[in-house]
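Novice: What follows is the file run_1.txt, containing compact mmCIF, N, CA and C atoms:
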```txt
# COMPACT_ATOMS: atom_id res chain seq x y z
N MET J 714 49.13 35.14 -74.69
CA MET J 714 47.73 34.89 -74.90
C MET J 714 47.59 33.80 -75.95
N THR J 715 46.61 32.98 -75.80
CA THR J 715 46.40 31.89 -76.74
C THR J 715 45.69 32.38 -77.99
N ARG J 716 45.83 31.62 -79.05
CA ARG J 716 45.16 31.96 -80.31
C ARG J 716 43.81 31.26 -80.37
N ALA J 717 42.93 31.82 -81.17
CA ALA J 717 41.61 31.22 -81.38
C ALA J 717 41.78 29.98 -82.26
N TYR J 718 40.88 29.02 -82.09
CA TYR J 718 40.88 27.84 -82.95
C TYR J 718 40.58 28.27 -84.39
N SER J 719 41.06 27.50 -85.35
CA SER J 719 40.87 27.83 -86.76
C SER J 719 39.40 27.76 -87.15
N LEU J 720 39.07 28.51 -88.16
CA LEU J 720 37.70 28.53 -88.66
C LEU J 720 37.34 27.17 -89.25
N ASP J 721 38.31 26.51 -89.86
CA ASP J 721 38.08 25.18 -90.43
C ASP J 721 37.64 24.19 -89.34
N LEU J 722 38.33 24.19 -88.23
CA LEU J 722 37.98 23.30 -87.12
C LEU J 722 36.60 23.63 -86.59
N ARG J 723 36.32 24.89 -86.43
CA ARG J 723 35.01 25.31 -85.95
C ARG J 723 33.89 24.82 -86.88
N GLU J 724 34.14 24.94 -88.20
CA GLU J 724 33.13 24.51 -89.17
C GLU J 724 32.90 23.00 -89.07
N ARG J 725 33.97 22.22 -88.94
CA ARG J 725 33.82 20.77 -88.85
C ARG J 725 33.10 20.36 -87.56
N VAL J 726 33.42 21.04 -86.47
CA VAL J 726 32.78 20.74 -85.18
C VAL J 726 31.29 21.05 -85.24
N VAL J 727 30.94 22.24 -85.68
CA VAL J 727 29.52 22.63 -85.74
C VAL J 727 28.78 21.77 -86.76
N GLY J 728 29.45 21.43 -87.85
CA GLY J 728 28.83 20.55 -88.84
C GLY J 728 28.46 19.20 -88.25
N ALA J 729 29.35 18.65 -87.42
CA ALA J 729 29.07 17.36 -86.77
C ALA J 729 27.88 17.49 -85.81
N VAL J 730 27.80 18.60 -85.11
CA VAL J 730 26.68 18.82 -84.18
C VAL J 730 25.38 18.95 -84.95
N LEU J 731 25.42 19.68 -86.08
CA LEU J 731 24.21 19.86 -86.89
C LEU J 731 23.74 18.54 -87.52
N GLU J 732 24.67 17.62 -87.72
CA GLU J 732 24.30 16.31 -88.26
C GLU J 732 23.70 15.41 -87.18
N GLY J 733 23.70 15.87 -85.94
CA GLY J 733 23.05 15.12 -84.87
C GLY J 733 23.97 14.38 -83.93
N GLU J 734 25.28 14.52 -84.10
CA GLU J 734 26.20 13.84 -83.19
C GLU J 734 26.18 14.53 -81.83
N PRO J 735 26.21 13.78 -80.75
CA PRO J 735 26.18 14.38 -79.40
C PRO J 735 27.38 15.30 -79.15
N THR J 736 27.14 16.32 -78.37
CA THR J 736 28.16 17.34 -78.09
C THR J 736 29.42 16.74 -77.49
N ARG J 737 29.27 15.88 -76.51
CA ARG J 737 30.44 15.28 -75.87
C ARG J 737 31.24 14.43 -76.84
N SER J 738 30.55 13.73 -77.70
CA SER J 738 31.21 12.89 -78.69
C SER J 738 32.01 13.75 -79.68
N VAL J 739 31.41 14.86 -80.10
CA VAL J 739 32.09 15.78 -81.03
C VAL J 739 33.34 16.36 -80.36
N ALA J 740 33.19 16.76 -79.11
CA ALA J 740 34.33 17.34 -78.38
C ALA J 740 35.48 16.35 -78.29
N LYS J 741 35.15 15.12 -77.98
CA LYS J 741 36.19 14.08 -77.85
C LYS J 741 36.84 13.80 -79.20
N ARG J 742 36.03 13.70 -80.25
CA ARG J 742 36.56 13.38 -81.58
C ARG J 742 37.51 14.45 -82.09
N PHE J 743 37.19 15.72 -81.85
CA PHE J 743 38.01 16.82 -82.37
C PHE J 743 39.02 17.35 -81.36
N GLY J 744 38.99 16.82 -80.15
CA GLY J 744 39.98 17.24 -79.15
C GLY J 744 39.80 18.64 -78.64
N VAL J 745 38.56 19.08 -78.49
CA VAL J 745 38.27 20.40 -77.93
C VAL J 745 37.38 20.24 -76.72
N ALA J 746 37.22 21.29 -75.96
CA ALA J 746 36.38 21.25 -74.77
C ALA J 746 34.90 21.22 -75.17
N VAL J 747 34.12 20.57 -74.33
CA VAL J 747 32.67 20.51 -74.56
C VAL J 747 32.10 21.93 -74.59
N SER J 748 32.61 22.78 -73.71
CA SER J 748 32.11 24.16 -73.66
C SER J 748 32.37 24.89 -74.98
N SER J 749 33.49 24.58 -75.65
CA SER J 749 33.76 25.21 -76.95
C SER J 749 32.74 24.76 -77.98
N VAL J 750 32.43 23.47 -77.99
CA VAL J 750 31.44 22.95 -78.93
C VAL J 750 30.10 23.63 -78.70
N VAL J 751 29.71 23.76 -77.46
CA VAL J 751 28.43 24.39 -77.13
C VAL J 751 28.43 25.86 -77.56
N LYS J 752 29.48 26.58 -77.22
CA LYS J 752 29.55 28.02 -77.56
C LYS J 752 29.56 28.25 -79.06
N TRP J 753 30.34 27.44 -79.79
CA TRP J 753 30.39 27.60 -81.25
C TRP J 753 29.04 27.30 -81.87
N SER J 754 28.37 26.27 -81.36
CA SER J 754 27.05 25.93 -81.88
C SER J 754 26.05 27.05 -81.61
N GLN J 755 26.09 27.59 -80.40
CA GLN J 755 25.20 28.70 -80.05
C GLN J 755 25.48 29.91 -80.93
N ARG J 756 26.75 30.24 -81.12
CA ARG J 756 27.11 31.39 -81.94
C ARG J 756 26.61 31.20 -83.37
N TYR J 757 26.75 29.98 -83.88
CA TYR J 757 26.30 29.70 -85.25
C TYR J 757 24.78 29.86 -85.36
N ARG J 758 24.05 29.35 -84.37
CA ARG J 758 22.59 29.47 -84.39
C ARG J 758 22.13 30.92 -84.27
N GLU J 759 22.83 31.70 -83.45
CA GLU J 759 22.41 33.08 -83.19
C GLU J 759 22.83 34.04 -84.29
N THR J 760 24.04 33.87 -84.83
CA THR J 760 24.58 34.85 -85.77
C THR J 760 24.81 34.30 -87.17
N GLY J 761 24.89 32.98 -87.29
CA GLY J 761 25.20 32.39 -88.58
C GLY J 761 26.68 32.42 -88.90
N SER J 762 27.48 32.85 -87.94
CA SER J 762 28.92 32.97 -88.14
C SER J 762 29.66 32.12 -87.11
N LEU J 763 30.83 31.67 -87.50
CA LEU J 763 31.68 30.92 -86.57
C LEU J 763 32.97 31.68 -86.27
N ALA J 764 33.08 32.87 -86.79
CA ALA J 764 34.29 33.67 -86.58
C ALA J 764 34.48 33.93 -85.09
N PRO J 765 35.73 33.85 -84.64
CA PRO J 765 35.99 34.09 -83.22
C PRO J 765 35.71 35.54 -82.84
N GLY J 766 35.33 35.73 -81.59
CA GLY J 766 35.11 37.08 -81.09
C GLY J 766 36.44 37.77 -80.83
N LYS J 767 36.38 39.03 -80.52
CA LYS J 767 37.58 39.80 -80.26
C LYS J 767 38.24 39.30 -78.98
N MET J 768 39.56 39.14 -79.04
CA MET J 768 40.31 38.72 -77.86
C MET J 768 41.12 39.91 -77.35
N GLY J 769 41.22 40.02 -76.04
CA GLY J 769 42.01 41.10 -75.48
C GLY J 769 41.28 42.42 -75.63
N GLY J 770 42.05 43.45 -75.67
CA GLY J 770 41.44 44.76 -75.82
C GLY J 770 42.37 45.85 -75.32
N HIS J 771 41.90 47.04 -75.34
CA HIS J 771 42.67 48.19 -74.91
C HIS J 771 41.99 48.79 -73.69
N ARG J 772 42.77 48.94 -72.64
CA ARG J 772 42.20 49.52 -71.43
C ARG J 772 42.22 51.03 -71.52
N ARG J 773 41.12 51.62 -71.16
CA ARG J 773 40.99 53.07 -71.17
C ARG J 773 41.85 53.66 -70.06
N ARG J 774 42.56 54.71 -70.35
CA ARG J 774 43.38 55.36 -69.34
C ARG J 774 42.54 56.40 -68.62
N VAL J 775 42.23 56.11 -67.38
CA VAL J 775 41.28 56.90 -66.60
C VAL J 775 41.80 58.31 -66.32
N LEU J 776 43.08 58.45 -66.04
CA LEU J 776 43.62 59.74 -65.62
C LEU J 776 44.07 60.63 -66.78
N GLU J 777 44.03 60.14 -67.99
CA GLU J 777 44.49 60.93 -69.14
C GLU J 777 43.80 62.29 -69.24
N PRO J 778 42.48 62.37 -69.09
CA PRO J 778 41.82 63.68 -69.19
C PRO J 778 42.21 64.64 -68.06
N TYR J 779 42.80 64.13 -67.01
CA TYR J 779 43.15 64.96 -65.84
C TYR J 779 44.64 65.27 -65.78
N ARG J 780 45.35 65.05 -66.88
CA ARG J 780 46.80 65.26 -66.90
C ARG J 780 47.16 66.69 -66.52
N ASP J 781 46.48 67.67 -67.11
CA ASP J 781 46.78 69.08 -66.81
C ASP J 781 46.55 69.39 -65.34
N PHE J 782 45.48 68.85 -64.78
CA PHE J 782 45.19 69.06 -63.35
C PHE J 782 46.32 68.47 -62.50
N ILE J 783 46.77 67.28 -62.84
CA ILE J 783 47.82 66.61 -62.07
C ILE J 783 49.13 67.38 -62.16
N VAL J 784 49.49 67.79 -63.36
CA VAL J 784 50.73 68.55 -63.55
C VAL J 784 50.68 69.86 -62.75
N GLU J 785 49.56 70.52 -62.80
CA GLU J 785 49.40 71.78 -62.06
C GLU J 785 49.52 71.56 -60.55
N ARG J 786 48.90 70.49 -60.05
CA ARG J 786 48.99 70.19 -58.62
C ARG J 786 50.43 69.91 -58.20
N ILE J 787 51.18 69.24 -59.03
CA ILE J 787 52.58 68.93 -58.71
C ILE J 787 53.41 70.21 -58.72
N LYS J 788 53.13 71.13 -59.66
CA LYS J 788 53.84 72.40 -59.70
C LYS J 788 53.52 73.25 -58.48
N GLN J 789 52.25 73.27 -58.10
CA GLN J 789 51.82 74.07 -56.95
C GLN J 789 52.39 73.55 -55.64
N THR J 790 52.43 72.24 -55.49
CA THR J 790 52.84 71.62 -54.25
C THR J 790 53.89 70.55 -54.54
N PRO J 791 55.16 70.91 -54.59
CA PRO J 791 56.20 69.95 -54.94
C PRO J 791 56.34 68.80 -53.94
N HIS J 792 55.92 69.02 -52.69
CA HIS J 792 56.04 67.98 -51.66
C HIS J 792 54.79 67.11 -51.57
N LEU J 793 53.97 67.14 -52.62
CA LEU J 793 52.73 66.38 -52.68
C LEU J 793 53.00 64.87 -52.65
N THR J 794 52.19 64.14 -51.90
CA THR J 794 52.33 62.69 -51.86
C THR J 794 51.33 62.05 -52.81
N LEU J 795 51.54 60.78 -53.11
CA LEU J 795 50.61 60.06 -53.98
C LEU J 795 49.22 60.01 -53.36
N HIS J 796 49.18 59.76 -52.07
CA HIS J 796 47.87 59.67 -51.40
C HIS J 796 47.14 61.00 -51.42
N ARG J 797 47.87 62.07 -51.25
CA ARG J 797 47.24 63.41 -51.29
C ARG J 797 46.75 63.72 -52.71
N LEU J 798 47.55 63.35 -53.71
CA LEU J 798 47.14 63.56 -55.09
C LEU J 798 45.89 62.73 -55.40
N LYS J 799 45.85 61.53 -54.89
CA LYS J 799 44.67 60.67 -55.06
C LYS J 799 43.45 61.33 -54.42
N ASP J 800 43.62 61.91 -53.24
CA ASP J 800 42.51 62.61 -52.58
C ASP J 800 42.08 63.84 -53.37
N ASP J 801 43.05 64.57 -53.94
CA ASP J 801 42.72 65.73 -54.76
C ASP J 801 41.92 65.33 -56.00
N LEU J 802 42.29 64.22 -56.58
CA LEU J 802 41.55 63.72 -57.74
C LEU J 802 40.12 63.33 -57.34
N ALA J 803 39.98 62.79 -56.13
CA ALA J 803 38.64 62.41 -55.65
C ALA J 803 37.74 63.64 -55.56
N THR J 804 38.30 64.80 -55.21
CA THR J 804 37.49 66.02 -55.16
C THR J 804 37.03 66.43 -56.56
N GLN J 805 37.75 65.96 -57.59
CA GLN J 805 37.37 66.22 -58.98
C GLN J 805 36.37 65.17 -59.50
N GLY J 806 36.05 64.20 -58.63
CA GLY J 806 35.11 63.16 -59.02
C GLY J 806 35.77 61.93 -59.60
N VAL J 807 37.10 61.82 -59.46
CA VAL J 807 37.83 60.68 -60.01
C VAL J 807 38.32 59.83 -58.85
N VAL J 808 37.69 58.68 -58.66
CA VAL J 808 38.08 57.78 -57.58
C VAL J 808 38.95 56.69 -58.18
N VAL J 809 40.24 56.73 -57.83
CA VAL J 809 41.19 55.75 -58.36
C VAL J 809 42.04 55.23 -57.21
N SER J 810 42.78 54.17 -57.49
CA SER J 810 43.65 53.60 -56.48
C SER J 810 45.00 54.32 -56.46
N HIS J 811 45.73 54.10 -55.39
CA HIS J 811 47.07 54.63 -55.24
C HIS J 811 47.94 54.16 -56.41
N ASN J 812 47.79 52.89 -56.78
CA ASN J 812 48.60 52.32 -57.86
C ASN J 812 48.27 52.96 -59.21
N THR J 813 47.03 53.31 -59.44
CA THR J 813 46.65 53.96 -60.70
C THR J 813 47.35 55.29 -60.84
N VAL J 814 47.41 56.05 -59.77
CA VAL J 814 48.10 57.34 -59.79
C VAL J 814 49.59 57.11 -60.03
N TRP J 815 50.18 56.15 -59.35
CA TRP J 815 51.60 55.85 -59.50
C TRP J 815 51.93 55.45 -60.94
N GLU J 816 51.13 54.55 -61.51
CA GLU J 816 51.37 54.10 -62.88
C GLU J 816 51.24 55.24 -63.88
N PHE J 817 50.27 56.11 -63.66
CA PHE J 817 50.09 57.26 -64.55
C PHE J 817 51.31 58.16 -64.50
N LEU J 818 51.77 58.49 -63.30
CA LEU J 818 52.93 59.37 -63.16
C LEU J 818 54.17 58.75 -63.78
N ARG J 819 54.36 57.47 -63.57
CA ARG J 819 55.53 56.78 -64.12
C ARG J 819 55.46 56.76 -65.64
N ARG J 820 54.28 56.45 -66.21
CA ARG J 820 54.11 56.38 -67.66
C ARG J 820 54.34 57.75 -68.30
N GLU J 821 53.90 58.81 -67.62
CA GLU J 821 54.02 60.16 -68.16
C GLU J 821 55.39 60.79 -67.90
N GLY J 822 56.22 60.11 -67.11
CA GLY J 822 57.54 60.66 -66.80
C GLY J 822 57.49 61.79 -65.80
N LEU J 823 56.41 61.87 -65.05
CA LEU J 823 56.26 62.92 -64.05
C LEU J 823 56.82 62.43 -62.72
N SER J 824 57.49 63.30 -62.02
CA SER J 824 58.01 62.91 -60.72
C SER J 824 57.83 64.09 -59.76
N PHE J 825 57.86 63.78 -58.49
CA PHE J 825 57.68 64.82 -57.48
C PHE J 825 58.22 64.30 -56.16
N LYS J 826 58.12 65.12 -55.11
CA LYS J 826 58.59 64.80 -53.77
C LYS J 826 60.03 64.32 -53.80
N LYS J 827 60.89 65.16 -54.35
CA LYS J 827 62.30 64.83 -54.44
C LYS J 827 62.95 64.95 -53.07
N ASN J 828 63.82 64.04 -52.78
CA ASN J 828 64.60 64.08 -51.55
C ASN J 828 65.90 64.79 -51.87
N ALA J 829 66.20 65.87 -51.17
CA ALA J 829 67.38 66.67 -51.45
C ALA J 829 68.66 65.84 -51.31
N VAL J 830 68.66 64.87 -50.45
CA VAL J 830 69.85 64.03 -50.25
C VAL J 830 70.13 63.17 -51.47
N ARG J 831 69.09 62.73 -52.15
CA ARG J 831 69.27 61.81 -53.28
C ARG J 831 69.37 62.52 -54.62
N ARG J 832 69.39 63.81 -54.69
CA ARG J 832 69.43 64.52 -55.97
C ARG J 832 70.70 64.34 -56.70
```
Would you put the structure from the file into structure tokens?
Specialist:
Amino acid sequence: MTRAYSLDLRERVVGAVLEGEPTRSVAKRFGVAVSSVVKWSQRYRETGSLAPGKMGGHRRRVLEPYRDFIVERIKQTPHLTLHRLKDDLATQGVVVSHNTVWEFLRREGLSFKKNAVRR
């Protein structure tokens, strides 16, 4: 992921815009995109701050609250498939993709539907 531009650069860019220099000219002079100049200027007018916004974030784990339900279903039905487990979750009001169920099981170290030949 890329880093945010420095606060010093942002201050110089917005300062040039506030002095009346055209946006495109400021962008060219400082080597940044016109859209950055516009966004920084808007942020300064609206909030009075030039600090960058939060980058990235943490994705909420949708199936975490249903871990006990999933573990119980696997214990009850060892031959359960991912698609069937996904359907069972849908009856609980949780609509997720096949991949979401797979990633949850892998992350939690849960496994099921063992093949006797491969044990």
Novice: May I ask which of the residues J:Pro765, J:Pro735, J:Gly744, J:Gly770 is the closest one to J:Tyr718, counting only N, CA and C atoms?
Specialist: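 Of all the options, J:Pro765 lies closest to J:Tyr718.
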Novice: What does the distance between atom CA of J:Lys752 and atom CA of J:His771 come to in Å, to one decimal place?
Specialist: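 Value for the atom CA of J:Lys752-atom CA of J:His771 distance: 24.2 Å.
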Novice: Separation of atom CA of J:Thr736 and atom CA of J:Ser749, in Å?
Specialist: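 These atoms are spaced 9.7 Å apart.
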Novice: Quick one: residues within 12 Å of J:Arg716, only C-alpha atoms counted, chain neighbours fewer than 4 positions away excluded, as a PyMOL selection string?
Specialist: chain J and resi 720+765-769
Novice: Now that the selection is made, can you save its residues with N, CA and C atoms as a PDB file, keeping the file's coordinate frame?
Specialist:
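Saved to result_33.pdb:
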```pdb
ATOM      1  N   LEU J 720      39.070  28.510 -88.160  1.00  0.00           N
ATOM      2  CA  LEU J 720      37.700  28.530 -88.660  1.00  0.00           C
ATOM      3  C   LEU J 720      37.340  27.170 -89.250  1.00  0.00           C
ATOM      4  N   PRO J 765      35.730  33.850 -84.640  1.00  0.00           N
ATOM      5  CA  PRO J 765      35.990  34.090 -83.220  1.00  0.00           C
ATOM      6  C   PRO J 765      35.710  35.540 -82.840  1.00  0.00           C
ATOM      7  N   GLY J 766      35.330  35.730 -81.590  1.00  0.00           N
ATOM      8  CA  GLY J 766      35.110  37.080 -81.090  1.00  0.00           C
ATOM      9  C   GLY J 766      36.440  37.770 -80.830  1.00  0.00           C
ATOM     10  N   LYS J 767      36.380  39.030 -80.520  1.00  0.00           N
ATOM     11  CA  LYS J 767      37.580  39.800 -80.260  1.00  0.00           C
ATOM     12  C   LYS J 767      38.240  39.300 -78.980  1.00  0.00           C
ATOM     13  N   MET J 768      39.560  39.140 -79.040  1.00  0.00           N
ATOM     14  CA  MET J 768      40.310  38.720 -77.860  1.00  0.00           C
ATOM     15  C   MET J 768      41.120  39.910 -77.350  1.00  0.00           C
ATOM     16  N   GLY J 769      41.220  40.020 -76.040  1.00  0.00           N
ATOM     17  CA  GLY J 769      42.010  41.100 -75.480  1.00  0.00           C
ATOM     18  C   GLY J 769      41.280  42.420 -75.630  1.00  0.00           C
TER      19      GLY J 769
END
```
Novice: Among stretch 768-819 of chain J, which residues does DSSP mark as helix (DSSP H, G or I) when it is run on the backbone? Keep the chain and numbering as in the structure and answer as a PyMOL selection string.
Specialist: chain J and resi 777-789+795-804+811-819
Novice: In Å, rounded to a single decimal, give me how far atom CA of J:Gly733 is from atom CA of J:Val745.
Specialist: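 It comes out at 17.5 Å.
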Novice: With distances taken over only C-alpha atoms, which of J:Arg797, J:Arg725, J:Arg774, J:Lys788 is nearest to J:Glu816?
Specialist: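 Among J:Arg797, J:Arg725, J:Arg774, J:Lys788, it is J:Arg774 that comes nearest to J:Glu816.
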Novice: Excluding J:Trp753 and its own-chain neighbours fewer than 4 positions away, which residues fall within 7 Å of it when counting all atoms listed in the file? Please give them as a PyMOL selection string.
Specialist: chain J and resi 723+727+748-749+757-758+763
Novice: Could you tell me, as a PyMOL selection string, which residues have any atom at most 7 Å from (46.6, 52.9, -65.9), counting all atoms listed in the file?
Specialist: chain J and resi 773-776+812-814+816-817
Novice: Could you write out that same residue set with N, CA and C atoms as an mmCIF file, in the frame of the given file?
Specialist:
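Final output, saved to part_6.cif:
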```
data_model
loop_
_atom_site.group_PDB
_atom_site.id
_atom_site.type_symbol
_atom_site.label_atom_id
_atom_site.label_comp_id
_atom_site.auth_asym_id
_atom_site.auth_seq_id
_atom_site.Cartn_x
_atom_site.Cartn_y
_atom_site.Cartn_z
ATOM 1 N N ARG J 773 41.120 51.620 -71.160
ATOM 2 C CA ARG J 773 40.990 53.070 -71.170
ATOM 3 C C ARG J 773 41.850 53.660 -70.060
ATOM 4 N N ARG J 774 42.560 54.710 -70.350
ATOM 5 C CA ARG J 774 43.380 55.360 -69.340
ATOM 6 C C ARG J 774 42.540 56.400 -68.620
ATOM 7 N N VAL J 775 42.230 56.110 -67.380
ATOM 8 C CA VAL J 775 41.280 56.900 -66.600
ATOM 9 C C VAL J 775 41.800 58.310 -66.320
ATOM 10 N N LEU J 776 43.080 58.450 -66.040
ATOM 11 C CA LEU J 776 43.620 59.740 -65.620
ATOM 12 C C LEU J 776 44.070 60.630 -66.780
ATOM 13 N N ASN J 812 47.790 52.890 -56.780
ATOM 14 C CA ASN J 812 48.600 52.320 -57.860
ATOM 15 C C ASN J 812 48.270 52.960 -59.210
ATOM 16 N N THR J 813 47.030 53.310 -59.440
ATOM 17 C CA THR J 813 46.650 53.960 -60.700
ATOM 18 C C THR J 813 47.350 55.290 -60.840
ATOM 19 N N VAL J 814 47.410 56.050 -59.770
ATOM 20 C CA VAL J 814 48.100 57.340 -59.790
ATOM 21 C C VAL J 814 49.590 57.110 -60.030
ATOM 22 N N GLU J 816 51.130 54.550 -61.510
ATOM 23 C CA GLU J 816 51.370 54.100 -62.880
ATOM 24 C C GLU J 816 51.240 55.240 -63.880
ATOM 25 N N PHE J 817 50.270 56.110 -63.660
ATOM 26 C CA PHE J 817 50.090 57.260 -64.550
ATOM 27 C C PHE J 817 51.310 58.160 -64.500
#
```
Novice: Of the candidates J:Val807, J:Leu818, J:Leu823, J:Glu724, which shows the shortest atom-to-atom distance to J:Ala764, using only C-alpha atoms?
Specialist: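 Nearest to J:Ala764: J:Glu724.
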Novice: For each of J:Gly761, J:His811, J:Lys741, J:Ser754, take the minimum atom-to-atom distance to J:Gly728, counting all atoms listed in the file, then give the residue where this is smallest.
Specialist: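 Under the stated criterion, the closest residue is J:Ser754.
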